[in-house]
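Before any comments, here is the structure.
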Amino acid sequence: MITDDIVIKTEGLTKIFQKGKKREVIALDSVDIEISRGEVFGLIGTNGAGKTTLIRVLVGLLTPTEGKAYVLGKDVTEDIDFIRQRVGLLPQEAGIYDRLTARENLIYYGGLYGIPEEDLNKRADTLLEIVGLKDKEDYQVKGFSGGMKRKVLVARALVIEPEILFLDEPTTAIDTLGARIVRNLLKKLSSEQKRTVILTTHDLNEVKELCDRVGILNEGKLIAVGKPSELEEKFRAANLEEVFTGLVTGEGVYGGAEP
Ligand SMILES: Nc1ncnc2c1ncn2[C@@H]1O[C@H](COP(=O)(O)OP(=O)(O)OP(=O)(O)O)[C@@H](O)[C@H]1O
Ligand SMILES: [Mg+2]
């Protein structure tokens, strides 16, 4: 693997949240990960496993407690402006401008990145068409359904044409057809434009279909990484669900292979 092609790298990345005087939560526990340019990398794990925390650290919204995180070769604690200019984020929650229309959400967000309005208008046309919101583009987002808002956020993350896309549950709340469109769009971005996509999901079929590699987080620890098919083979499991369930429950995978 060529070092230049590694766009995300963490070393012993740890994030601890202090809850009150004595209690603390180790949301990320010594995570070592490397992600290459053009990969679609899936992060899976039960609720509270640390997926959102990892994304938030990588885009500079949280500072690591210990360890290192590099994005595009830059340390997230030192060069976050450089990084922010080049990555797109679809947050798990909120982030949408309710009073703006679907189209204005894209144009305003892109404007923050200094992208000329002419380019933004073209990109907005294409993206709104792709996610199926072209006929609703001039409606205020506050009247949108949950899935429609999610589609606006997907388009918004893409409008800046980022080198790296962080998508925290991009297809949650999106209907079957919409989810397929989003998956196809992400696949195309990765294969045709070599964009890197890091996404979280609770849909293991989605991982199988979309992700080149997957990382399983459990209580802040990265307990397995690999191609979905490799993990199934390694653990002699019938499917990814079996791998996942066996590992996170600690019951082991039915096939019985050692990790
Ligand atoms: N800002 C915060 N302050 C305190 N604790 C936090 C904060 N953010 C996350 N946590 C804790 O860190 C742990 C990891 O949370 P995180 O949101 O990363 O999980 P997740 O894997 O994204 O879960 P989900 O699948 O529910 O989205 C949880 O125990 C959570 O309560
Ligand atoms: Mg989350």
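All residue names refer to the structure tokens as shown: chains lettered A, B, ... in order, residues numbered from 1 in each chain, ligands numbered from 1 in order.
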List the spatial neighbours of region 113-119 of chain A as a list in words - criterion: any atom at most 12 Å away, only C-alpha atoms, same-chain residues fewer than 2 positions off excluded.
Asp81, Phe82, Ile83, Arg84, Gln85, Arg86, Val87, Gly88, Glu104, Leu106, Ile107, Tyr108, Tyr109, Gly110, Gly111, Asn121, Lys122, Arg123, Ala124, Asp125, Thr126, Arg156, Ala157, Val159, Ile160, Glu161 and Pro162 of chain A
Report as CSV: every residue of chain A with an atom at most 10 Å from ligand 2, its closest pair of atoms, and their distance in Å to one decimal, counting only C-alpha atoms and all ligand atoms, with rows sorted by chain and ascending residue number.
residue,atom,partner,partner_atom_place_in_ligand_line,distance
A:Leu43,CA,ligand 2,1 (Mg),10.0
A:Ile44,CA,ligand 2,1 (Mg),9.6
A:Gly45,CA,ligand 2,1 (Mg),9.1
A:Thr46,CA,ligand 2,1 (Mg),9.1
A:Asn47,CA,ligand 2,1 (Mg),6.8
A:Gly48,CA,ligand 2,1 (Mg),6.9
A:Ala49,CA,ligand 2,1 (Mg),8.0
A:Gly50,CA,ligand 2,1 (Mg),7.0
A:Lys51,CA,ligand 2,1 (Mg),5.4
A:Thr52,CA,ligand 2,1 (Mg),4.0
A:Thr53,CA,ligand 2,1 (Mg),7.2
A:Leu54,CA,ligand 2,1 (Mg),9.2
A:Ile55,CA,ligand 2,1 (Mg),8.9
A:Arg56,CA,ligand 2,1 (Mg),9.8
A:Pro91,CA,ligand 2,1 (Mg),8.9
A:Gln92,CA,ligand 2,1 (Mg),6.1
A:Glu93,CA,ligand 2,1 (Mg),8.7
A:Asp168,CA,ligand 2,1 (Mg),6.7
A:Glu169,CA,ligand 2,1 (Mg),7.5
A:Thr200,CA,ligand 2,1 (Mg),7.6
A:Thr201,CA,ligand 2,1 (Mg),8.7
A:His202,CA,ligand 2,1 (Mg),9.8
Take the residues from that selection and put them in a file with C-alpha atoms, as a PDB file, in the first residue's frame.
ATOM      1  CA  LEU A  43     -18.222   1.608  10.587  1.00  0.00           C
ATOM      2  CA  ILE A  44     -20.599  -0.613  12.462  1.00  0.00           C
ATOM      3  CA  GLY A  45     -21.287  -1.182  16.141  1.00  0.00           C
ATOM      4  CA  THR A  46     -24.124  -1.186  18.649  1.00  0.00           C
ATOM      5  CA  ASN A  47     -25.614   2.074  19.959  1.00  0.00           C
ATOM      6  CA  GLY A  48     -22.957   3.876  21.956  1.00  0.00           C
ATOM      7  CA  ALA A  49     -20.058   1.913  20.419  1.00  0.00           C
ATOM      8  CA  GLY A  50     -18.199   5.098  19.450  1.00  0.00           C
ATOM      9  CA  LYS A  51     -18.951   5.491  15.721  1.00  0.00           C
ATOM     10  CA  THR A  52     -20.179   9.083  15.864  1.00  0.00           C
ATOM     11  CA  THR A  53     -17.386   9.994  18.268  1.00  0.00           C
ATOM     12  CA  LEU A  54     -14.785   8.703  15.815  1.00  0.00           C
ATOM     13  CA  ILE A  55     -16.263  10.756  12.975  1.00  0.00           C
ATOM     14  CA  ARG A  56     -16.491  13.846  15.173  1.00  0.00           C
ATOM     15  CA  PRO A  91     -24.005  14.584  10.803  1.00  0.00           C
ATOM     16  CA  GLN A  92     -26.101  12.000  12.626  1.00  0.00           C
ATOM     17  CA  GLU A  93     -28.319  14.692  14.061  1.00  0.00           C
ATOM     18  CA  ASP A 168     -23.108   9.332   9.852  1.00  0.00           C
ATOM     19  CA  GLU A 169     -26.038   7.016   9.064  1.00  0.00           C
ATOM     20  CA  THR A 200     -21.832   4.419   9.635  1.00  0.00           C
ATOM     21  CA  THR A 201     -24.878   2.235   9.366  1.00  0.00           C
ATOM     22  CA  HIS A 202     -26.921  -0.333  11.254  1.00  0.00           C
TER      23      HIS A 202
END
Given the choices A:Ile35, A:Ile216, A:Ile8, A:Leu210, which gets closest to ligand 1 if the distance is worked out from only C-alpha atoms and all ligand atoms?
A:Ile216
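Counting only C-alpha atoms and all ligand atoms, the residue from A:Thr172, A:Ser191, A:Ser145, A:Asn205 that sits nearest to ligand 1 is A:Thr172.
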Could you tell me, as a CSV table (one decimal) with all heavy atoms, in the first residue's frame, which residues of region 3-46 of chain A DSSP assigns to strand (DSSP E or B) when given the backbone?
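selection.csv, written as the output of this step:
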chain,number,residue,atom,x,y,z
A,6,ILE,N,-2.9,6.8,1.8
A,6,ILE,CA,-3.6,6.6,3.1
A,6,ILE,C,-4.1,8.0,3.5
A,6,ILE,O,-3.4,8.9,3.8
A,6,ILE,CB,-2.8,6.0,4.2
A,6,ILE,CG1,-2.5,4.6,3.8
A,6,ILE,CG2,-3.4,6.1,5.5
A,6,ILE,CD1,-1.5,3.9,4.6
A,7,VAL,N,-5.5,8.2,3.5
A,7,VAL,CA,-6.0,9.5,3.7
A,7,VAL,C,-6.5,9.7,5.2
A,7,VAL,O,-6.6,10.8,5.6
A,7,VAL,CB,-7.1,9.9,2.7
A,7,VAL,CG1,-6.6,10.0,1.3
A,7,VAL,CG2,-8.2,8.8,2.8
A,8,ILE,N,-6.6,8.6,5.9
A,8,ILE,CA,-7.0,8.6,7.3
A,8,ILE,C,-6.2,7.6,8.1
A,8,ILE,O,-6.0,6.5,7.6
A,8,ILE,CB,-8.5,8.3,7.5
A,8,ILE,CG1,-9.3,9.5,7.0
A,8,ILE,CG2,-8.8,8.1,9.0
A,8,ILE,CD1,-10.8,9.2,6.9
A,9,LYS,N,-5.6,8.1,9.1
A,9,LYS,CA,-4.8,7.2,10.0
A,9,LYS,C,-4.9,7.6,11.4
A,9,LYS,O,-4.8,8.8,11.8
A,9,LYS,CB,-3.3,7.4,9.5
A,9,LYS,CG,-2.4,6.5,10.2
A,9,LYS,CD,-0.9,6.7,9.7
A,9,LYS,CE,0.1,6.0,10.5
A,9,LYS,NZ,0.1,4.5,10.3
A,10,THR,N,-5.2,6.7,12.3
A,10,THR,CA,-5.2,7.0,13.7
A,10,THR,C,-4.3,6.0,14.4
A,10,THR,O,-4.1,4.9,14.0
A,10,THR,CB,-6.7,6.8,14.3
A,10,THR,OG1,-7.0,5.4,14.4
A,10,THR,CG2,-7.7,7.6,13.5
A,11,GLU,N,-3.7,6.5,15.5
A,11,GLU,CA,-2.8,5.7,16.3
A,11,GLU,C,-3.2,5.9,17.8
A,11,GLU,O,-3.1,7.0,18.3
A,11,GLU,CB,-1.4,6.3,16.1
A,11,GLU,CG,-0.8,6.0,14.7
A,11,GLU,CD,0.5,6.7,14.5
A,11,GLU,OE1,0.9,7.6,15.2
A,11,GLU,OE2,1.2,6.4,13.5
A,12,GLY,N,-3.6,4.8,18.3
A,12,GLY,CA,-4.0,4.8,19.8
A,12,GLY,C,-5.0,5.9,20.1
A,12,GLY,O,-5.0,6.4,21.2
A,13,LEU,N,-5.9,6.1,19.1
A,13,LEU,CA,-6.9,7.2,19.3
A,13,LEU,C,-7.9,6.9,20.5
A,13,LEU,O,-8.5,5.9,20.4
A,13,LEU,CB,-7.6,7.5,18.0
A,13,LEU,CG,-8.5,8.7,18.0
A,13,LEU,CD1,-7.7,10.0,18.2
A,13,LEU,CD2,-9.3,8.7,16.8
A,14,THR,N,-7.9,7.8,21.4
A,14,THR,CA,-8.7,7.6,22.6
A,14,THR,C,-9.5,8.8,22.9
A,14,THR,O,-9.0,9.9,22.8
A,14,THR,CB,-7.8,7.2,23.8
A,14,THR,OG1,-7.1,6.0,23.5
A,14,THR,CG2,-8.6,7.0,25.1
A,15,LYS,N,-10.8,8.6,23.2
A,15,LYS,CA,-11.6,9.8,23.6
A,15,LYS,C,-12.4,9.4,24.9
A,15,LYS,O,-13.1,8.4,24.9
A,15,LYS,CB,-12.6,10.2,22.5
A,15,LYS,CG,-13.5,11.3,22.9
A,15,LYS,CD,-12.8,12.6,23.0
A,15,LYS,CE,-13.6,13.7,23.6
A,15,LYS,NZ,-12.9,15.0,23.8
A,16,ILE,N,-12.1,10.1,25.9
A,16,ILE,CA,-12.8,9.9,27.2
A,16,ILE,C,-13.7,11.0,27.5
A,16,ILE,O,-13.3,12.2,27.5
A,16,ILE,CB,-11.8,9.6,28.3
A,16,ILE,CG1,-10.9,8.4,28.0
A,16,ILE,CG2,-12.5,9.4,29.7
A,16,ILE,CD1,-9.7,8.2,28.9
A,17,PHE,N,-15.0,10.8,27.8
A,17,PHE,CA,-15.9,11.8,28.2
A,17,PHE,C,-16.0,11.7,29.7
A,17,PHE,O,-16.3,10.6,30.3
A,17,PHE,CB,-17.3,11.6,27.6
A,17,PHE,CG,-17.4,11.9,26.1
A,17,PHE,CD1,-17.5,10.8,25.2
A,17,PHE,CD2,-17.3,13.2,25.6
A,17,PHE,CE1,-17.6,11.1,23.9
A,17,PHE,CE2,-17.4,13.4,24.3
A,17,PHE,CZ,-17.5,12.4,23.4
A,18,GLN,N,-15.9,12.8,30.4
A,18,GLN,CA,-16.0,12.9,31.8
A,18,GLN,C,-17.5,13.1,32.1
A,18,GLN,O,-18.1,14.0,31.6
A,18,GLN,CB,-15.2,14.1,32.3
A,18,GLN,CG,-14.6,13.9,33.7
A,18,GLN,CD,-13.5,12.8,33.7
A,18,GLN,OE1,-12.7,12.8,32.8
A,18,GLN,NE2,-13.5,12.0,34.8
A,19,LYS,N,-18.1,12.2,32.9
A,19,LYS,CA,-19.5,12.3,33.3
A,19,LYS,C,-19.5,12.5,34.8
A,19,LYS,O,-19.4,11.5,35.5
A,19,LYS,CB,-20.3,11.1,32.9
A,19,LYS,CG,-20.4,11.0,31.3
A,19,LYS,CD,-21.7,10.4,30.9
A,19,LYS,CE,-21.9,10.7,29.4
A,19,LYS,NZ,-22.8,9.7,28.8
A,23,ARG,N,-17.4,9.4,37.2
A,23,ARG,CA,-17.7,8.5,36.1
A,23,ARG,C,-17.2,9.0,34.8
A,23,ARG,O,-17.2,10.2,34.5
A,23,ARG,CB,-19.2,8.4,36.0
A,23,ARG,CG,-19.7,6.9,35.7
A,23,ARG,CD,-21.2,6.8,35.9
A,23,ARG,NE,-21.9,7.4,34.8
A,23,ARG,CZ,-22.0,6.9,33.6
A,23,ARG,NH1,-21.4,5.7,33.3
A,23,ARG,NH2,-22.7,7.5,32.6
A,24,GLU,N,-16.6,8.1,34.1
A,24,GLU,CA,-16.1,8.5,32.7
A,24,GLU,C,-16.5,7.5,31.7
A,24,GLU,O,-16.7,6.3,32.1
A,24,GLU,CB,-14.6,8.8,32.7
A,24,GLU,CG,-13.8,7.7,33.2
A,24,GLU,CD,-12.3,8.1,33.2
A,24,GLU,OE1,-11.9,9.2,33.4
A,24,GLU,OE2,-11.5,7.2,33.0
A,25,VAL,N,-16.7,7.9,30.5
A,25,VAL,CA,-17.0,7.0,29.4
A,25,VAL,C,-15.9,7.0,28.4
A,25,VAL,O,-15.4,8.0,27.9
A,25,VAL,CB,-18.3,7.4,28.7
A,25,VAL,CG1,-18.6,6.5,27.5
A,25,VAL,CG2,-19.5,7.4,29.6
A,26,ILE,N,-15.3,5.8,28.2
A,26,ILE,CA,-14.3,5.7,27.2
A,26,ILE,C,-15.0,5.4,25.8
A,26,ILE,O,-15.3,4.3,25.5
A,26,ILE,CB,-13.3,4.5,27.5
A,26,ILE,CG1,-12.7,4.8,28.9
A,26,ILE,CG2,-12.1,4.5,26.5
A,26,ILE,CD1,-11.8,3.7,29.5
A,27,ALA,N,-15.2,6.5,25.1
A,27,ALA,CA,-15.9,6.3,23.8
A,27,ALA,C,-15.1,5.8,22.7
A,27,ALA,O,-15.6,5.1,21.8
A,27,ALA,CB,-16.5,7.7,23.5
A,28,LEU,N,-13.8,6.1,22.8
A,28,LEU,CA,-12.8,5.5,21.8
A,28,LEU,C,-11.6,5.0,22.6
A,28,LEU,O,-11.1,5.7,23.4
A,28,LEU,CB,-12.4,6.5,20.8
A,28,LEU,CG,-13.4,7.0,19.8
A,28,LEU,CD1,-12.8,8.1,18.9
A,28,LEU,CD2,-13.9,5.9,18.9
A,29,ASP,N,-11.2,3.7,22.4
A,29,ASP,CA,-10.2,3.1,23.2
A,29,ASP,C,-9.1,2.6,22.3
A,29,ASP,O,-9.2,1.5,21.7
A,29,ASP,CB,-10.9,2.0,24.0
A,29,ASP,CG,-10.0,1.4,25.1
A,29,ASP,OD1,-8.8,1.8,25.1
A,29,ASP,OD2,-10.5,0.6,25.9
A,30,SER,N,-8.0,3.4,22.2
A,30,SER,CA,-6.8,3.0,21.5
A,30,SER,C,-7.1,2.5,20.1
A,30,SER,O,-6.7,1.4,19.7
A,30,SER,CB,-6.1,1.9,22.2
A,30,SER,OG,-5.8,2.4,23.5
A,31,VAL,N,-7.8,3.3,19.3
A,31,VAL,CA,-8.2,2.9,17.9
A,31,VAL,C,-7.1,3.2,17.0
A,31,VAL,O,-6.6,4.3,16.8
A,31,VAL,CB,-9.5,3.6,17.5
A,31,VAL,CG1,-9.8,3.3,16.0
A,31,VAL,CG2,-10.7,3.2,18.4
A,32,ASP,N,-6.6,2.1,16.3
A,32,ASP,CA,-5.7,2.2,15.2
A,32,ASP,C,-6.4,1.9,13.9
A,32,ASP,O,-6.9,0.8,13.8
A,32,ASP,CB,-4.5,1.2,15.3
A,32,ASP,CG,-3.7,1.5,16.6
A,32,ASP,OD1,-3.6,2.7,17.0
A,32,ASP,OD2,-3.2,0.5,17.2
A,33,ILE,N,-6.4,2.8,13.0
A,33,ILE,CA,-7.1,2.5,11.7
A,33,ILE,C,-6.4,3.2,10.6
A,33,ILE,O,-5.8,4.3,10.8
A,33,ILE,CB,-8.5,3.0,11.9
A,33,ILE,CG1,-9.5,2.2,11.0
A,33,ILE,CG2,-8.7,4.5,11.6
A,33,ILE,CD1,-11.0,2.5,11.4
A,34,GLU,N,-6.4,2.6,9.4
A,34,GLU,CA,-5.9,3.3,8.2
A,34,GLU,C,-6.9,3.1,7.1
A,34,GLU,O,-7.4,2.0,6.8
A,34,GLU,CB,-4.6,2.6,7.8
A,34,GLU,CG,-3.4,3.1,8.5
A,34,GLU,CD,-2.1,2.5,8.0
A,34,GLU,OE1,-2.1,1.7,7.0
A,34,GLU,OE2,-1.0,2.8,8.6
A,35,ILE,N,-7.2,4.2,6.4
A,35,ILE,CA,-8.2,4.2,5.3
A,35,ILE,C,-7.6,4.8,4.1
A,35,ILE,O,-6.9,5.8,4.2
A,35,ILE,CB,-9.5,4.9,5.7
A,35,ILE,CG1,-10.1,4.2,6.9
A,35,ILE,CG2,-10.5,4.9,4.5
A,35,ILE,CD1,-11.3,4.9,7.5
A,36,SER,N,-7.7,4.1,3.0
A,36,SER,CA,-7.0,4.5,1.7
A,36,SER,C,-7.9,5.4,0.9
A,36,SER,O,-9.2,5.2,0.9
A,36,SER,CB,-6.6,3.3,0.9
A,36,SER,OG,-5.7,2.5,1.6
A,40,VAL,N,-14.6,2.9,0.2
A,40,VAL,CA,-15.8,3.1,1.0
A,40,VAL,C,-15.7,2.2,2.2
A,40,VAL,O,-15.6,1.0,2.2
A,40,VAL,CB,-17.1,2.6,0.2
A,40,VAL,CG1,-18.3,2.9,1.0
A,40,VAL,CG2,-17.2,3.4,-1.2
A,41,PHE,N,-15.6,2.9,3.3
A,41,PHE,CA,-15.3,2.2,4.6
A,41,PHE,C,-16.5,2.3,5.5
A,41,PHE,O,-17.0,3.4,5.8
A,41,PHE,CB,-14.1,2.9,5.3
A,41,PHE,CG,-13.5,2.1,6.4
A,41,PHE,CD1,-12.5,1.1,6.3
A,41,PHE,CD2,-14.1,2.3,7.7
A,41,PHE,CE1,-12.0,0.4,7.3
A,41,PHE,CE2,-13.6,1.5,8.8
A,41,PHE,CZ,-12.6,0.6,8.6
A,42,GLY,N,-17.0,1.2,6.0
A,42,GLY,CA,-18.2,1.2,6.8
A,42,GLY,C,-17.8,1.0,8.3
A,42,GLY,O,-16.9,0.3,8.6
A,43,LEU,N,-18.4,1.8,9.1
A,43,LEU,CA,-18.2,1.6,10.6
A,43,LEU,C,-19.5,1.1,11.2
A,43,LEU,O,-20.6,1.7,11.0
A,43,LEU,CB,-18.0,3.0,11.2
A,43,LEU,CG,-16.5,3.5,11.2
A,43,LEU,CD1,-16.6,5.0,11.8
A,43,LEU,CD2,-15.6,2.7,12.1
A,44,ILE,N,-19.4,-0.1,11.8
A,44,ILE,CA,-20.6,-0.6,12.5
A,44,ILE,C,-20.3,-0.9,13.9
A,44,ILE,O,-19.2,-0.9,14.4
A,44,ILE,CB,-21.1,-1.9,11.8
A,44,ILE,CG1,-20.0,-3.0,11.7
A,44,ILE,CG2,-21.6,-1.6,10.4
A,44,ILE,CD1,-20.5,-4.3,11.1
Point-to-point distance from CA of Ile130 (chain A) to CA of Ile181 (chain A), Å rounded to tenths:
7.5 Å
From the set A:Gly215, A:Gly226, A:Gly252, A:Gly73, which residue has the shortest atom-to-atom contact distance to ligand 1, counting only C-alpha atoms and all ligand atoms?
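That would be A:Gly215, the residue with the smallest distance to ligand 1.
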d(CA of Leu222 (chain A), CA of Leu61 (chain A)) in Å
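According to the coordinates, CA of Leu222 (chain A) and CA of Leu61 (chain A) are separated by 20.5 Å.
The nearest approach to Asp203 (chain A) among the residues A:Asn218, A:Thr171, A:Ser190, A:Ser229, with only C-alpha atoms taken into account, belongs to A:Thr171.
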Considering only C-alpha atoms and all ligand atoms, state which residue in the set A:Leu133, A:Ala238, A:Val71, A:Thr63 is at the smallest distance from ligand 1.
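Smallest separation from ligand 1 among the options: A:Thr63.
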Pick from A:Leu62, A:Leu120, A:Leu247, A:Cys211 nearest to ligand 1, counting only C-alpha atoms and all ligand atoms
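Checking each of A:Leu62, A:Leu120, A:Leu247, A:Cys211 against ligand 1, counting only C-alpha atoms and all ligand atoms, the winner is A:Leu62.
Between CA of Gly146 (chain A) and atom 27 (O, counted along the ligand's line) of ligand 1 lies a distance of 16.3 Å.
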Enumerate, as an MDAnalysis selection string, the complete set of residues in region 3-164 of chain A that a backbone-based DSSP assignment places in alpha helix (DSSP H).
chainID A and resid 51:58 80:84 102:112 117:130 146:159
